[in-house]
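Heads up, start.pdb below (PDB, C-alpha atoms):
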ATOM      1  CA  ILE M   1      13.037  -3.612   7.228
ATOM      2  CA  THR M   2      16.401  -2.254   8.254
ATOM      3  CA  TYR M   3      17.952   0.658   6.394
ATOM      4  CA  GLU M   4      20.715  -1.633   5.154
ATOM      5  CA  LYS M   5      18.129  -3.994   3.627
ATOM      6  CA  LEU M   6      16.294  -1.042   2.067
ATOM      7  CA  ILE M   7      19.492   0.105   0.368
ATOM      8  CA  ASN M   8      20.247  -3.432  -0.855
ATOM      9  CA  TYR M   9      16.713  -3.871  -2.221
ATOM     10  CA  LEU M  10      16.829  -0.487  -3.964
ATOM     11  CA  ASP M  11      20.161  -1.400  -5.550
ATOM     12  CA  PHE M  12      18.672  -4.675  -6.747
ATOM     13  CA  LEU M  13      15.437  -3.078  -8.008
ATOM     14  CA  PHE M  14      17.150  -0.284  -9.938
ATOM     15  CA  TYR M  15      20.268  -2.142 -11.098
ATOM     16  CA  TYR M  16      18.955  -2.145 -14.664
ATOM     17  CA  TYR M  17      17.507   1.136 -15.810
ATOM     18  CA  PRO M  18      15.116   1.541 -17.384
ATOM     19  CA  LYS M  19      15.277  -2.184 -17.985
ATOM     20  CA  TYR M  20      17.631  -4.947 -19.005
ATOM     21  CA  PRO M  21      20.161  -4.845 -20.653
ATOM     22  CA  LEU M  22      20.957  -1.212 -19.785
ATOM     23  CA  LEU M  23      22.811  -0.816 -16.507
ATOM     24  CA  SER M  24      22.008   2.124 -14.292
ATOM     25  CA  THR M  25      24.884   4.284 -13.177
ATOM     26  CA  GLU M  26      26.097   4.413  -9.595
ATOM     27  CA  LYS M  27      25.205   8.119  -9.555
ATOM     28  CA  LEU M  28      21.611   7.316 -10.530
ATOM     29  CA  ARG M  29      21.313   4.544  -7.934
ATOM     30  CA  ASN M  30      22.692   6.890  -5.263
ATOM     31  CA  ALA M  31      20.085   9.509  -6.192
ATOM     32  CA  ILE M  32      17.355   6.864  -5.906
ATOM     33  CA  LYS M  33      18.655   5.756  -2.503
ATOM     34  CA  TYR M  34      18.685   9.382  -1.399
ATOM     35  CA  ARG M  35      15.088   9.880  -2.588
ATOM     36  CA  TYR M  36      13.703   6.851  -0.743
ATOM     37  CA  SER M  37      15.644   7.284   2.519
ATOM     38  CA  ASN M  38      13.827   8.500   5.612
ATOM     39  CA  TRP M  39      16.312  11.148   6.688
ATOM     40  CA  LYS M  40      14.406  11.893   9.915
ATOM     41  CA  ASN M  41      15.049   8.350  11.156
ATOM     42  CA  LEU M  42      17.010   5.860   9.042
ATOM     43  CA  ASN M  43      16.217   3.124  11.589
ATOM     44  CA  ASP M  44      12.413   3.414  11.266
ATOM     45  CA  THR M  45      11.740  -0.084   9.938
ATOM     46  CA  SER M  46       8.089   0.647   9.082
ATOM     47  CA  GLU M  47       8.965   3.738   7.098
ATOM     48  CA  ASN M  48      11.784   1.864   5.346
ATOM     49  CA  LEU M  49       9.259  -0.742   4.232
ATOM     50  CA  ASN M  50       6.843   1.987   3.094
ATOM     51  CA  ASN M  51       9.621   3.645   1.112
ATOM     52  CA  LEU M  52      10.526   0.357  -0.551
ATOM     53  CA  ASP M  53       6.862  -0.088  -1.473
ATOM     54  CA  LYS M  54       6.795   3.443  -2.943
ATOM     55  CA  ALA M  55       9.973   2.747  -4.918
ATOM     56  CA  GLY M  56       8.518  -0.463  -6.328
ATOM     57  CA  GLY M  57       5.294   1.323  -7.284
ATOM     58  CA  ASP M  58       7.209   4.135  -8.946
ATOM     59  CA  PHE M  59       9.423   1.656 -10.794
ATOM     60  CA  LEU M  60       6.596  -0.590 -12.004
ATOM     61  CA  PHE M  61       3.674   1.813 -12.464
ATOM     62  CA  THR M  62       4.196   5.539 -11.934
ATOM     63  CA  CYS M  63       7.322   6.129 -14.026
ATOM     64  CA  PRO M  64       6.253   3.993 -17.011
ATOM     65  CA  THR M  65       2.824   5.673 -16.973
ATOM     66  CA  VAL M  66       4.316   9.171 -16.887
ATOM     67  CA  ASN M  67       6.824   8.285 -19.628
ATOM     68  CA  PHE M  68       4.044   6.864 -21.807
ATOM     69  CA  ALA M  69       1.833   9.920 -21.248
ATOM     70  CA  ASP M  70       4.753  12.242 -21.983
ATOM     71  CA  TYR M  71       5.526  10.392 -25.227
ATOM     72  CA  TYR M  72       1.912  10.655 -26.395
ATOM     73  CA  SER M  73       1.593  14.319 -25.421
ATOM     74  CA  LYS M  74       4.699  15.147 -27.473
ATOM     75  CA  LYS M  75       2.858  13.671 -30.469
ATOM     76  CA  SER M  76       0.068  16.225 -29.859
ATOM     77  CA  LEU M  77      -2.290  13.499 -28.681
ATOM     78  CA  LYS M  78      -4.681  14.033 -25.789
ATOM     79  CA  VAL M  79      -3.569  12.334 -22.616
ATOM     80  CA  PHE M  80      -5.627  11.725 -19.492
ATOM     81  CA  VAL M  81      -4.122  10.277 -16.327
ATOM     82  CA  TYR M  82      -5.901   9.494 -13.083
ATOM     83  CA  LEU M  83      -5.042   8.138  -9.672
ATOM     84  CA  LEU M  84      -7.638   5.929  -8.028
ATOM     85  CA  THR M  85      -7.717   6.445  -4.279
ATOM     86  CA  GLN M  86     -11.222   5.121  -3.575
ATOM     87  CA  VAL M  87     -10.939   1.896  -1.590
ATOM     88  CA  ASN M  88     -13.765  -0.560  -2.166
ATOM     89  CA  SER M  89     -16.294  -0.950   0.641
ATOM     90  CA  LYS M  90     -15.384  -4.645   0.852
ATOM     91  CA  PRO M  91     -11.658  -4.644   0.098
ATOM     92  CA  TYR M  92      -9.906  -7.922  -0.577
ATOM     93  CA  TRP M  93      -6.528  -6.539   0.534
ATOM     94  CA  PRO M  94      -5.561  -5.283   4.005
ATOM     95  CA  SER M  95      -6.703  -1.706   4.680
ATOM     96  CA  TRP M  96      -3.113  -0.431   4.830
ATOM     97  CA  ALA M  97      -2.711  -1.337   1.128
ATOM     98  CA  GLY M  98      -5.215   1.325   0.029
ATOM     99  CA  ALA M  99      -6.549   1.269  -3.518
ATOM    100  CA  MET M 100      -4.661  -1.318  -5.527
ATOM    101  CA  HIS M 101      -3.605  -1.591  -9.155
ATOM    102  CA  SER M 102      -6.587  -2.608 -11.326
ATOM    103  CA  ASP M 103      -9.198  -1.876  -8.615
ATOM    104  CA  GLU M 104     -10.786   0.581 -11.036
ATOM    105  CA  ILE M 105     -11.903  -2.290 -13.276
ATOM    106  CA  PHE M 106     -14.784  -3.060 -10.924
ATOM    107  CA  TYR M 107     -16.024   0.518 -11.224
ATOM    108  CA  ILE M 108     -15.465   0.765 -14.978
ATOM    109  CA  LEU M 109     -17.382  -2.463 -15.629
ATOM    110  CA  GLY M 110     -20.190  -1.482 -13.289
ATOM    111  CA  TYR M 111     -19.336  -3.604 -10.268
ATOM    112  CA  GLY M 112     -19.196  -1.727  -7.002
ATOM    113  CA  ILE M 113     -17.763  -4.681  -5.114
ATOM    114  CA  PRO M 114     -15.246  -7.235  -6.375
ATOM    115  CA  PRO M 115     -17.093 -10.510  -7.142
ATOM    116  CA  TYR M 116     -14.813 -12.515  -4.869
ATOM    117  CA  SER M 117     -15.349 -10.441  -1.712
TER     118      SER M 117
END

Could you write out this structure as structure tokens?
Amino acid sequence: ITYEKLINYLDFLFYYYPKYPLLSTEKLRNAIKYRYSNWKNLNDTSENLNNLDKAGGDFLFTCPTVNFADYYSKKSLKVFVYLLTQVNSKPYWPSWAGAMHSDEIFYILGYGIPPYS
């Protein structure tokens, strides 16, 4: 995607922070745009798409998980966090997607391969 589209998508994704009805500030949205910009080459369409994917993952999974873990740890509760990077031997997503959200379920339940592969 073009850099202009990346910026528009980031504005749209982070307009409400952390969620509706609270509006994010322009300063916050500018910091987010700065974080997910490829400053070596703003016109690298592949990297712009990768950065949008990272922003979406951070917004939907990483940040809520870290916030939840932080909340629990402040209550003196034990917290364990992991990042699954093992891609299944018969992945059902394209290889560029890597390990996907909920892929660990097959390992936790004793399946090595998703049943619909």

_the PyMOL selection byres ((chain M and resi 37-42) around 9) - which residues does that actually catch in the file I just gave you? List them as a ChimeraX atom specification._
/M:2-3,6-7,32-36,43-45,47-48,51

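For the choices M:Ile1, M:Tyr16, M:Asp11, M:Val66, the atom-to-atom distance to Tyr82 in chain M is smallest for M:Val66 when using all atoms listed in the file.
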
Taking all listed atoms of range 74-89 of chain M, build the axis-aligned box, pad each of the six sides by 8 Å, then write its centre and edge lengths in Å to one decimal as lines of an AutoDock Vina configuration file.
center_x = -5.8
center_y = 7.6
center_z = -14.9
size_x = 37.0
size_y = 33.2
size_z = 47.1

*Name the residues in contact with range 107-110 of chain M at a cut-off of 12 Å, using all atoms listed in the file, excluding same-chain residues fewer than 5 positions from it; report them as an NGL selection string.*
:M and (84 or 86-89 or 102 or 115)

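Our summary of the geometry notes that CA of Trp93 in chain M is positioned 23.3 Å from CA of Thr65 in chain M.
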
_Residue IDs satisfying the PyMOL selection byres ((chain M and resi 59-63) around 12), as a ChimeraX atom specification_ = /M:10,12-19,32,52-58,64-70,81-83,100-102
